[in-house]
Amino acid sequence: MTDNLQSFESISQVGKTETKKPSDPLQAEYEEGKKYLANEEYGQAAVALHNALVGFKEKNDEVGIANASNQLGHVCLARKEYENALQHYLQALAICEKSNDRMSILAVMKKIVTVRTHLKKYDEALADCLTILDHYQDNRDPQGTVTILEEMAEVYIKAGKKEKAADAYRTIASIHKNFRHDNIAAKFLEKAVQLTSES
């Protein structure tokens, strides 16, 4: 899926006191790595982003470390190097959490769910989904809630827990029904019925 390669720049705002000049060689290397990633030149992306990450670590630039780690996570995910992707995303997540950057935390956590699902670490992926779900419910974000419930249903299906996946689909249907999206609600109820008849 191409959305696995979307970059997010919200963490670049964390604790940013000065604007990075394009003349900064580290920033230039980082930007170059992102371009390689966008062009699916993963080998070159990995080299450029790794060099940028090393440089950011030497300068103790946490924003740079978080962004470079996140991008390296994308590269590893694209190359199906899931363990490496997880390590990079966890490093980015730790910095985002320290800065309490909610949007970046959610963006990184969604990637971690994807990686853990690929690694068949379903319980951990579902625990992350529940954390994300709590955030969306606290912020009364029905769209976010529906999106993460769909993700959870997919993880449940892969984990062989069809009944729980059906529950997730029924919850999505009830949310859509609250907004009078009856046709969409019906589709999710149908998915739930299909799953329960299979299990």
# chains A, B, ... in the order shown; residues from 1 in each chain; ligands from 1
$ residues_around --residues "A:His118" --least-positions-apart "3" --cutoff "10 Å" --atoms "only C-alpha atoms" --output "VMD selection string"
chain A and resid 77 80 to 83 112 to 115 121 to 122 125 155 158
$ write_last_selection --atoms "N, CA and C atoms" --output "tab-separated table (two decimals), in the first residue's frame"
chain	number	residue	atom	x	y	z
A	77	LEU	N	9.92	-0.71	5.99
A	77	LEU	CA	8.59	-1.28	5.76
A	77	LEU	C	8.42	-1.60	4.27
A	80	LYS	N	10.15	-4.67	3.38
A	80	LYS	CA	9.68	-5.81	4.17
A	80	LYS	C	10.68	-6.23	5.25
A	81	GLU	N	11.47	-5.25	5.73
A	81	GLU	CA	12.41	-5.50	6.84
A	81	GLU	C	11.69	-5.05	8.12
A	82	TYR	N	10.74	-5.88	8.55
A	82	TYR	CA	9.80	-5.44	9.57
A	82	TYR	C	10.43	-5.21	10.94
A	83	GLU	N	11.37	-6.05	11.34
A	83	GLU	CA	12.01	-5.85	12.66
A	83	GLU	C	12.76	-4.52	12.69
A	112	ILE	N	3.37	1.41	13.45
A	112	ILE	CA	3.79	0.31	14.34
A	112	ILE	C	2.75	-0.82	14.29
A	113	VAL	N	1.46	-0.46	14.23
A	113	VAL	CA	0.40	-1.47	14.10
A	113	VAL	C	0.61	-2.28	12.82
A	114	THR	N	0.89	-1.57	11.73
A	114	THR	CA	1.11	-2.24	10.44
A	114	THR	C	2.28	-3.22	10.53
A	115	VAL	N	3.39	-2.75	11.12
A	115	VAL	CA	4.60	-3.58	11.22
A	115	VAL	C	4.34	-4.79	12.13
A	121	LYS	N	2.57	-10.20	15.36
A	121	LYS	CA	2.48	-9.87	16.79
A	121	LYS	C	1.11	-9.22	17.01
A	122	TYR	N	0.07	-10.06	16.85
A	122	TYR	CA	-1.29	-9.53	16.80
A	122	TYR	C	-1.73	-8.89	18.12
A	125	ALA	N	-0.21	-5.51	18.34
A	125	ALA	CA	-0.85	-4.63	17.35
A	125	ALA	C	-2.22	-4.18	17.85
A	155	VAL	N	-6.84	-6.91	11.76
A	155	VAL	CA	-5.87	-7.61	12.61
A	155	VAL	C	-6.55	-8.83	13.25
A	158	LYS	N	-6.77	-11.62	10.73
A	158	LYS	CA	-5.47	-12.28	10.55
A	158	LYS	C	-5.11	-13.14	11.74
$ residues_around --residues "stretch 129-144 of chain A" --least-positions-apart "5" --cutoff "9 Å" --atoms "only C-alpha atoms" --output "ChimeraX atom specification"
/A:102,106,109-110,113,124,149,151-152,175-176
$ closest_residue --among "A:Gly64, A:Gly55, A:Cys76, A:Leu26" --to "A:Gly43" --atoms "only C-alpha atoms"
A:Cys76
$ closest_atom_pairs --of "stretch 115-158 of chain A" --to "stretch 181-193 of chain A" --cutoff "12 Å" --atoms "only C-alpha atoms" --output "CSV"
residue,atom,partner,partner_atom,distance
A:Val146,CA,A:Phe188,CA,10.9
A:Leu149,CA,A:Phe188,CA,11.3
A:Glu150,CA,A:Phe188,CA,9.7
A:Ala153,CA,A:Ala192,CA,9.8
A:Glu154,CA,A:Lys191,CA,11.6
A:Ile157,CA,A:Ala192,CA,11.3
$ closest_residue --among "A:Asn178, A:Gln194, A:Tyr169, A:Leu72" --to "A:Gln87" --atoms "only C-alpha atoms"
A:Leu72
